[in-house]
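Everything below belongs to protein_20.pdb, which stores PDB, C-alpha atoms.
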```pdb
ATOM      1  CA  MET H   3      -4.948 -31.968   2.385
ATOM      2  CA  SER H   4      -2.761 -28.905   2.730
ATOM      3  CA  PRO H   5      -0.499 -28.110  -0.251
ATOM      4  CA  LEU H   6       2.215 -27.077   2.236
ATOM      5  CA  THR H   7       4.821 -29.044   4.131
ATOM      6  CA  SER H   8       4.802 -29.103   7.928
ATOM      7  CA  SER H   9       7.696 -26.631   8.066
ATOM      8  CA  GLU H  10       5.887 -24.283   5.678
ATOM      9  CA  LEU H  11       2.747 -24.406   7.817
ATOM     10  CA  GLU H  12       4.798 -22.981  10.678
ATOM     11  CA  ARG H  13       4.898 -19.719   8.728
ATOM     12  CA  LEU H  14       1.222 -19.220   9.628
ATOM     13  CA  ARG H  15       1.340 -18.316  13.301
ATOM     14  CA  PRO H  16      -1.519 -18.246  15.835
ATOM     15  CA  SER H  17      -0.275 -14.790  16.841
ATOM     16  CA  GLY H  18      -1.389 -13.421  13.462
ATOM     17  CA  LEU H  19       2.042 -13.433  11.845
ATOM     18  CA  VAL H  20       1.960 -14.596   8.221
ATOM     19  CA  TYR H  21       5.636 -14.987   7.387
ATOM     20  CA  LEU H  22       6.141 -15.506   3.654
ATOM     21  CA  VAL H  23       9.553 -13.856   3.309
ATOM     22  CA  GLY H  24      11.426 -15.608   0.510
ATOM     23  CA  ALA H  25       8.682 -18.226   0.143
ATOM     24  CA  LEU H  26       7.093 -16.904  -3.069
ATOM     25  CA  ARG H  27       9.934 -17.105  -5.553
ATOM     26  CA  THR H  28       8.136 -18.998  -8.322
ATOM     27  CA  ARG H  29       4.695 -19.053  -9.870
ATOM     28  CA  GLN H  30       4.168 -22.496  -8.355
ATOM     29  CA  ASP H  31       4.990 -21.116  -4.908
ATOM     30  CA  VAL H  32       2.362 -18.399  -5.340
ATOM     31  CA  TYR H  33      -0.218 -20.958  -6.454
ATOM     32  CA  ARG H  34       0.456 -23.289  -3.502
ATOM     33  CA  TRP H  35       0.313 -20.506  -0.953
ATOM     34  CA  CYS H  36      -2.900 -19.114  -2.421
ATOM     35  CA  GLN H  37      -4.474 -22.536  -1.992
ATOM     36  CA  ALA H  38      -3.153 -22.883   1.542
ATOM     37  CA  LEU H  39      -4.280 -19.419   2.632
ATOM     38  CA  ARG H  40      -7.802 -20.037   1.360
ATOM     39  CA  GLN H  41      -7.954 -23.192   3.498
ATOM     40  CA  TRP H  42      -6.338 -21.606   6.548
ATOM     41  CA  GLN H  43      -8.505 -20.484   9.445
ATOM     42  CA  PRO H  44      -6.882 -17.213  10.537
ATOM     43  CA  PRO H  45      -6.793 -16.255  14.217
ATOM     44  CA  ARG H  46      -8.881 -13.426  15.591
ATOM     45  CA  ALA H  47      -5.732 -11.413  16.150
ATOM     46  CA  PRO H  48      -4.945  -8.755  13.511
ATOM     47  CA  LEU H  49      -2.703 -10.190  10.810
ATOM     48  CA  ARG H  50       0.752  -8.920   9.885
ATOM     49  CA  VAL H  51       1.556 -10.257   6.428
ATOM     50  CA  HIS H  52       5.252 -10.383   5.504
ATOM     51  CA  MET H  53       5.862 -10.845   1.771
ATOM     52  CA  GLU H  54       9.121  -8.959   1.358
ATOM     53  CA  HIS H  55      12.158 -10.205  -0.584
ATOM     54  CA  ASN H  56      10.214 -12.310  -3.089
ATOM     55  CA  SER H  57      10.638 -10.434  -6.408
ATOM     56  CA  LEU H  58       6.836 -10.340  -6.651
ATOM     57  CA  ASP H  59       5.051  -8.254  -9.240
ATOM     58  CA  GLU H  60       1.784  -6.520  -8.393
ATOM     59  CA  HIS H  61      -0.400  -9.324  -9.761
ATOM     60  CA  ALA H  62       1.224 -12.094  -7.720
ATOM     61  CA  ALA H  63       1.159  -9.897  -4.611
ATOM     62  CA  ALA H  64      -2.542  -9.195  -5.126
ATOM     63  CA  GLU H  65      -3.316 -12.905  -5.547
ATOM     64  CA  ILE H  66      -1.688 -13.759  -2.237
ATOM     65  CA  LEU H  67      -3.287 -10.882  -0.343
ATOM     66  CA  GLU H  68      -6.747 -11.617  -1.688
ATOM     67  CA  ALA H  69      -6.366 -15.217  -0.480
ATOM     68  CA  VAL H  70      -5.669 -14.055   3.073
ATOM     69  CA  GLY H  71      -8.703 -14.132   5.342
ATOM     70  CA  GLY H  72      -9.127 -12.341   8.629
ATOM     71  CA  THR H  73      -8.363  -8.777   9.623
ATOM     72  CA  VAL H  74      -5.140  -7.424   8.126
ATOM     73  CA  GLN H  75      -3.290  -4.725  10.045
ATOM     74  CA  ALA H  76       0.064  -4.554   8.254
ATOM     75  CA  VAL H  77       1.470  -5.654   4.898
ATOM     76  CA  TYR H  78       5.182  -5.801   4.126
ATOM     77  CA  LEU H  79       5.875  -5.738   0.389
ATOM     78  CA  HIS H  80       9.270  -4.073   0.327
ATOM     79  CA  HIS H  81      12.072  -5.427  -1.866
ATOM     80  CA  ASN H  82       9.809  -6.714  -4.631
ATOM     81  CA  GLU H  83       9.090  -5.743  -8.260
ATOM     82  CA  ILE H  84       5.805  -3.871  -7.876
ATOM     83  CA  ARG H  85       5.202  -1.241 -10.558
ATOM     84  CA  ASP H  86       1.462  -0.605 -10.438
ATOM     85  CA  MET H  87      -0.887  -0.346  -7.451
ATOM     86  CA  GLU H  88      -4.153  -0.945  -9.319
ATOM     87  CA  PRO H  89      -4.142  -4.763  -8.816
ATOM     88  CA  LEU H  90      -3.738  -4.159  -5.072
ATOM     89  CA  GLY H  91      -6.533  -1.595  -4.937
ATOM     90  CA  THR H  92      -9.291  -4.096  -4.143
ATOM     91  CA  PHE H  93      -7.373  -5.454  -1.163
ATOM     92  CA  ILE H  94      -6.586  -1.959   0.153
ATOM     93  CA  GLU H  95     -10.230  -0.957  -0.152
ATOM     94  CA  LYS H  96     -11.452  -4.140   1.545
ATOM     95  CA  HIS H  97      -9.173  -3.588   4.546
ATOM     96  CA  SER H  98      -9.373   0.208   4.613
ATOM     97  CA  GLU H  99     -10.748   0.263   8.167
ATOM     98  CA  THR H 100      -8.043  -2.000   9.626
ATOM     99  CA  LEU H 101      -4.909  -1.685   7.469
ATOM    100  CA  GLN H 102      -2.518   0.594   9.371
ATOM    101  CA  GLU H 103       0.835  -0.133   7.724
ATOM    102  CA  LEU H 104       1.804  -0.608   4.101
ATOM    103  CA  HIS H 105       5.488  -1.139   3.353
ATOM    104  CA  LEU H 106       6.358  -0.594  -0.325
ATOM    105  CA  SER H 107       9.948   0.587  -0.267
ATOM    106  CA  HIS H 108      12.496  -0.857  -2.718
ATOM    107  CA  ASN H 109      10.000  -1.498  -5.513
ATOM    108  CA  ARG H 110       9.514   0.075  -8.963
ATOM    109  CA  LEU H 111       6.793   2.633  -8.275
ATOM    110  CA  TYR H 112       6.734   5.980 -10.060
ATOM    111  CA  THR H 113       5.140   9.301  -9.178
ATOM    112  CA  ALA H 114       1.807   8.694 -10.896
ATOM    113  CA  GLU H 115       1.277   5.300  -9.268
ATOM    114  CA  THR H 116       2.161   6.742  -5.872
ATOM    115  CA  LYS H 117      -0.291   9.594  -6.314
ATOM    116  CA  ALA H 118      -3.047   7.118  -7.193
ATOM    117  CA  LEU H 119      -2.240   5.158  -4.024
ATOM    118  CA  LEU H 120      -2.356   8.264  -1.833
ATOM    119  CA  LEU H 121      -5.634   9.337  -3.388
ATOM    120  CA  GLN H 122      -7.117   5.966  -2.515
ATOM    121  CA  ILE H 123      -5.767   5.966   1.031
ATOM    122  CA  GLY H 124      -6.684   9.588   1.643
ATOM    123  CA  CYS H 125     -10.161   9.672   0.142
ATOM    124  CA  THR H 126     -13.235   9.998   2.338
ATOM    125  CA  ARG H 127     -15.626   7.053   2.347
ATOM    126  CA  LEU H 128     -18.520   5.656   4.340
ATOM    127  CA  SER H 129     -17.478   3.238   7.076
ATOM    128  CA  SER H 130     -19.374   0.112   8.088
ATOM    129  CA  ASP H 131     -21.523   2.193  10.461
ATOM    130  CA  ALA H 132     -22.365   4.698   7.678
ATOM    131  CA  THR H 133     -20.182   7.519   9.009
ATOM    132  CA  GLU H 134     -17.621   9.377   6.918
ATOM    133  CA  THR H 135     -14.073   8.214   7.485
ATOM    134  CA  THR H 136     -10.696   7.872   5.802
ATOM    135  CA  SER H 137      -8.445   4.849   5.524
ATOM    136  CA  SER H 138      -6.819   3.611   8.724
ATOM    137  CA  CYS H 139      -3.470   3.448   6.932
ATOM    138  CA  SER H 140      -1.163   5.947   8.631
ATOM    139  CA  TRP H 141       2.254   4.355   8.056
ATOM    140  CA  LEU H 142       3.392   4.220   4.445
ATOM    141  CA  ARG H 143       6.956   3.378   3.435
ATOM    142  CA  LEU H 144       7.832   4.371  -0.134
ATOM    143  CA  GLU H 145      11.545   5.106  -0.153
ATOM    144  CA  PHE H 146      13.841   3.731  -2.854
ATOM    145  CA  ASN H 147      11.305   3.748  -5.657
ATOM    146  CA  TYR H 148      11.316   6.147  -8.636
ATOM    147  CA  ILE H 149       9.141   8.908  -7.196
ATOM    148  CA  ASP H 150       9.575  12.610  -7.936
ATOM    149  CA  VAL H 151       8.609  13.805  -4.462
ATOM    150  CA  ALA H 152       8.310  17.492  -5.391
ATOM    151  CA  GLU H 153       5.992  16.677  -8.287
ATOM    152  CA  LEU H 154       3.995  14.284  -6.125
ATOM    153  CA  MET H 155       3.401  16.826  -3.369
ATOM    154  CA  ARG H 156       2.617  19.581  -5.869
ATOM    155  CA  ASN H 157      -0.107  17.531  -7.547
ATOM    156  CA  LEU H 158      -1.832  16.044  -4.514
ATOM    157  CA  PRO H 159      -5.144  17.640  -3.482
ATOM    158  CA  PRO H 160      -4.641  19.969  -0.472
ATOM    159  CA  PRO H 161      -6.740  17.834   1.938
ATOM    160  CA  ILE H 162      -4.386  14.911   1.337
ATOM    161  CA  ARG H 163      -1.182  16.912   0.981
ATOM    162  CA  GLN H 164      -1.584  18.446   4.434
ATOM    163  CA  ARG H 165      -1.875  14.962   5.935
ATOM    164  CA  ILE H 166       1.445  13.755   4.516
ATOM    165  CA  GLN H 167       4.094  13.695   7.246
ATOM    166  CA  LEU H 168       7.575  13.636   5.738
ATOM    167  CA  ASP H 169       9.619  14.642   8.784
ATOM    168  CA  ASP H 170      10.489  12.102  11.439
ATOM    169  CA  CYS H 171       8.876  13.350  14.649
ATOM    170  CA  GLY H 172       9.571  10.172  16.567
ATOM    171  CA  CYS H 173       6.265   8.634  15.524
ATOM    172  CA  THR H 174       5.826   4.870  15.294
ATOM    173  CA  PRO H 175       3.192   2.787  13.486
ATOM    174  CA  GLY H 176       1.273   2.616  16.739
ATOM    175  CA  ARG H 177       1.755   6.151  18.040
ATOM    176  CA  CYS H 178       1.725   9.623  16.469
ATOM    177  CA  TYR H 179       3.553  12.520  18.136
ATOM    178  CA  CYS H 180       2.806  15.156  15.480
ATOM    179  CA  LYS H 181       1.273  18.469  16.453
ATOM    180  CA  ARG H 182      -2.484  18.732  15.932
ATOM    181  CA  ARG H 183      -2.667  14.940  15.718
ATOM    182  CA  ARG H 184      -6.105  14.969  17.305
ATOM    183  CA  TYR H 185      -7.471  17.100  14.490
ATOM    184  CA  LEU H 186      -5.441  15.974  11.485
ATOM    185  CA  LYS H 187      -4.821  12.301  10.870
ATOM    186  CA  ARG H 188      -1.350  11.966   9.386
ATOM    187  CA  ILE H 189      -0.077   9.616   6.721
ATOM    188  CA  HIS H 190       3.509   9.055   7.818
ATOM    189  CA  CYS H 191       5.895   8.758   4.863
ATOM    190  CA  LYS H 192       9.279   9.271   6.455
ATOM    191  CA  LEU H 193      12.316   8.737   4.214
ATOM    192  CA  LEU H 194      10.144   9.436   1.143
ATOM    193  CA  ALA H 195      12.830  11.802  -0.161
ATOM    194  CA  MET H 196      15.230   8.868  -0.578
ATOM    195  CA  GLN H 197      14.514   7.736  -4.151
ATOM    196  CA  ARG H 198      16.365   5.937  -6.928
ATOM    197  CA  ALA H 199      17.323   7.288 -10.329
ATOM    198  CA  ILE H 200      15.129   5.939 -13.127
ATOM    199  CA  PRO H 201      16.947   3.082 -14.915
ATOM    200  CA  PRO H 202      17.249   3.397 -18.721
ATOM    201  CA  GLU H 203      15.304   0.190 -19.356
ATOM    202  CA  ASP H 204      12.289   1.573 -17.480
ATOM    203  CA  ARG H 205      12.025   4.881 -19.310
ATOM    204  CA  PRO H 206       9.998   3.665 -22.338
ATOM    205  CA  GLN H 207       7.455   1.958 -20.050
ATOM    206  CA  ARG H 208       7.156   4.904 -17.706
ATOM    207  CA  HIS H 209       4.911   6.944 -20.018
ATOM    208  CA  GLN H 210       2.399   4.120 -20.431
ATOM    209  CA  LEU H 211       2.221   3.537 -16.681
ATOM    210  CA  GLN H 212       1.822   7.260 -16.054
ATOM    211  CA  SER H 213      -1.064   7.483 -18.519
ATOM    212  CA  GLU H 214      -2.863   4.536 -16.931
ATOM    213  CA  ALA H 215      -2.321   5.881 -13.422
ATOM    214  CA  ALA H 216      -3.457   9.365 -14.470
ATOM    215  CA  ALA H 217      -6.760   7.940 -15.691
ATOM    216  CA  ARG H 218      -7.351   6.320 -12.286
ATOM    217  CA  GLN H 219      -6.337   9.502 -10.494
ATOM    218  CA  GLY H 220      -8.890  11.459 -12.469
ATOM    219  CA  ARG H 221     -11.642   9.252 -11.086
ATOM    220  CA  LEU H 222     -10.365   9.392  -7.513
ATOM    221  CA  GLN H 223      -9.569  13.090  -7.504
ATOM    222  CA  LEU H 224     -13.203  13.984  -8.095
ATOM    223  CA  ASP H 225     -13.787  13.126  -4.430
ATOM    224  CA  HIS H 226     -11.442  15.931  -3.366
ATOM    225  CA  GLU H 227     -12.489  18.726  -5.697
ATOM    226  CA  PRO H 228     -15.108  21.273  -4.625
ATOM    227  CA  ARG H 229     -18.506  20.825  -6.223
ATOM    228  CA  GLU H 230     -19.705  23.701  -8.357
ATOM    229  CA  ASP H 231     -23.264  24.896  -8.223
ATOM    230  CA  SER H 232     -25.061  23.535 -11.257
ATOM    231  CA  GLY H 233     -27.345  26.562 -11.378
ATOM    232  CA  THR H 234     -26.822  29.254 -14.005
ATOM    233  CA  ALA H 235     -25.528  32.586 -12.761
ATOM    234  CA  ILE H 236     -27.659  35.598 -13.668
TER     235      ILE H 236
END
```

Go ahead and express the file in the form of structure tokens.
Amino acid sequence: MSPLTSSELERLRPSGLVYLVGALRTRQDVYRWCQALRQWQPPRAPLRVHMEHNSLDEHAAAEILEAVGGTVQAVYLHHNEIRDMEPLGTFIEKHSETLQELHLSHNRLYTAETKALLLQIGCTRLSSDATETTSSCSWLRLEFNYIDVAELMRNLPPPIRQRIQLDDCGCTPGRCYCKRRRYLKRIHCKLLAMQRAIPPEDRPQRHQLQSEAAARQGRLQLDHEPREDSGTAI
């Protein structure tokens, strides 16, 4: 028996729309929807998962996303309370070949957490057919967080930094109009410059989050640094 009411089941559409806006307000809501999503047979169509406006933290968001089956193309997590991307890392990695859009505006992300996210999205990996590829994610919304954009861009590895598209060139999630788009796959982050001031209550926690994110970045950044010859120079 489904844990959802008939009206709630209508939020799971045959078109691939998973519409959970405002439906995950309590811990009990998250639990019920996790159960329901594990029982649900998703359509073959790519899924667009809407979870905005729920005041979700990163752990609750990860629980819901990991319960979603099928192929996920877009995730809407804006207007929540997400501070750390590590709990969502497994989901992003699992759907790296299909996830095209990730909406994270109006959350509580800082510079270090954002850098860790971009390192994960931008890193080179082996695809299912054993060829080198990068994440499919090319549309990333991060405005109205607590990101120091200048610091972020300064500290990203050059191969990822040159892919970041800050200017609005008329691109859409489904179409890129940037120059050299055939040779350089962009990560579109328009409106990234629009950030919030850090609230006083967040300042003591910021240093701990930065330290944790920096440790993860150190592991990811190894993929982007040139390898030195292990031989001894004579």

For this session: Pull out every residue that the PyMOL selection byres ((chain H and resi 61) around 12) matches in the shown coordinates and put them as an NGL selection string.
Result: :H and (29 or 32 or 57-60 or 62-68 or 82-93)

For this session: Please identify all polymer residues lying at most 12 Å from the point (-9.5, -12.8, 1.3) (file coordinates), using all atoms listed in the file, and present the result as a list in words.
Result: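 The answer, in the requested form, is Cys36, Gln37, Ala38, Leu39, Arg40, Gln41, Trp42, Gln43, Pro44, Leu49, Ala64, Glu65, Ile66, Leu67, Glu68, Ala69, Val70, Gly71, Gly72, Thr73, Val74, Thr92, Phe93, Ile94, Glu95, Lys96 and His97 of chain H.
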
Problem set entry | Which residue of H:Gly18, H:His80, H:Arg50, H:Gln167 approaches Tyr179 in chain H most closely, using only C-alpha atoms |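 Closest to Tyr179 in chain H, using only C-alpha atoms: H:Gln167.
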
For this session: Run the PyMOL selection byres ((chain H and resi 190) around 6) mentally over the shown coordinates, then write out the matched residues as a list in words, using the chain letters and numbers from the document.
Result: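 With the shown file as input, the PyMOL selection byres ((chain H and resi 190) around 6) matches Ser140, Trp141, Leu142, Gln167, Arg188, Ile189, Cys191 and Lys192 of chain H.
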
Within 7 Å of (-0.8, -1.4, 8.1), in the coordinates the file gives, what residues turn up when you count only C-alpha atoms, written out as an mmCIF file with C-alpha atoms, keeping the file's coordinate frame?
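Final output, selection.cif:
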```cif
data_model
loop_
_atom_site.group_PDB
_atom_site.id
_atom_site.type_symbol
_atom_site.label_atom_id
_atom_site.label_comp_id
_atom_site.auth_asym_id
_atom_site.auth_seq_id
_atom_site.Cartn_x
_atom_site.Cartn_y
_atom_site.Cartn_z
ATOM 1 C CA GLN H 75 -3.290 -4.725 10.045
ATOM 2 C CA ALA H 76 0.064 -4.554 8.254
ATOM 3 C CA VAL H 77 1.470 -5.654 4.898
ATOM 4 C CA LEU H 101 -4.909 -1.685 7.469
ATOM 5 C CA GLN H 102 -2.518 0.594 9.371
ATOM 6 C CA GLU H 103 0.835 -0.133 7.724
ATOM 7 C CA LEU H 104 1.804 -0.608 4.101
ATOM 8 C CA CYS H 139 -3.470 3.448 6.932
ATOM 9 C CA TRP H 141 2.254 4.355 8.056
#
```

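Distance-wise, CA of Asp204 in chain H and CA of Thr28 in chain H end up 22.9 Å apart.
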
Could you work out an axis-aligned bounding box for all listed atoms of range 16-35 of chain H, with 5 Å added on each of the six sides, and give its centre and edge lengths in Å to one decimal, as JSON?
```
{"center_x": 5.0, "center_y": -18.4, "center_z": 3.5, "size_x": 22.9, "size_y": 19.9, "size_z": 36.7}
```

Problem set entry | Ile200 in chain H environment, 9 Å, all atoms listed in the file, sequence neighbours closer than 6 positions dropped, as a ChimeraX atom specification | /H:112,147-149

Problem set entry | Pick from H:His105, H:His81, H:Arg110, H:His52 nearest to Arg15 in chain H, counting all atoms listed in the file |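 Among H:His105, H:His81, H:Arg110, H:His52, it is H:His52 that comes nearest to Arg15 in chain H.
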
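Atom pair CA of Asp169 in chain H / CA of Pro201 in chain H: separated by 27.4 Å.
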
Exercise. What is the distance between CA of Gly24 in chain H and CA of Met53 in chain H, in Å to one decimal?
Worked result: 7.4 Å

Problem set entry | 8 Å contact set for Trp35 in chain H, all atoms listed in the file, chain neighbours under 5 positions out, as an MDAnalysis selection string | chainID H and resid 5:6 26 66

Save out the residues we just selected, C-alpha atoms, as an mmCIF file, keeping the file's coordinate frame.
```cif
data_model
loop_
_atom_site.group_PDB
_atom_site.id
_atom_site.type_symbol
_atom_site.label_atom_id
_atom_site.label_comp_id
_atom_site.auth_asym_id
_atom_site.auth_seq_id
_atom_site.Cartn_x
_atom_site.Cartn_y
_atom_site.Cartn_z
ATOM 1 C CA PRO H 5 -0.499 -28.110 -0.251
ATOM 2 C CA LEU H 6 2.215 -27.077 2.236
ATOM 3 C CA LEU H 26 7.093 -16.904 -3.069
ATOM 4 C CA ILE H 66 -1.688 -13.759 -2.237
#
```

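Considering the residues H:Ala118, H:Val51, H:Leu22, H:Cys173 and counting all atoms listed in the file, Pro159 in chain H has its shortest atom-to-atom contact with H:Ala118.
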
Problem set entry | Best match for closeness to Arg143 in chain H among H:Thr174, H:Asn157, H:Ser107, H:Ser8, counting all atoms listed in the file |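 Under the stated criterion, the closest residue is H:Ser107.
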
For this session: Compare H:Arg165, H:Arg198, H:Arg34, H:Arg27 by their minimum atom-to-atom distance to Leu144 in chain H, counting all atoms listed in the file, and give me the closest one.
Result: H:Arg198
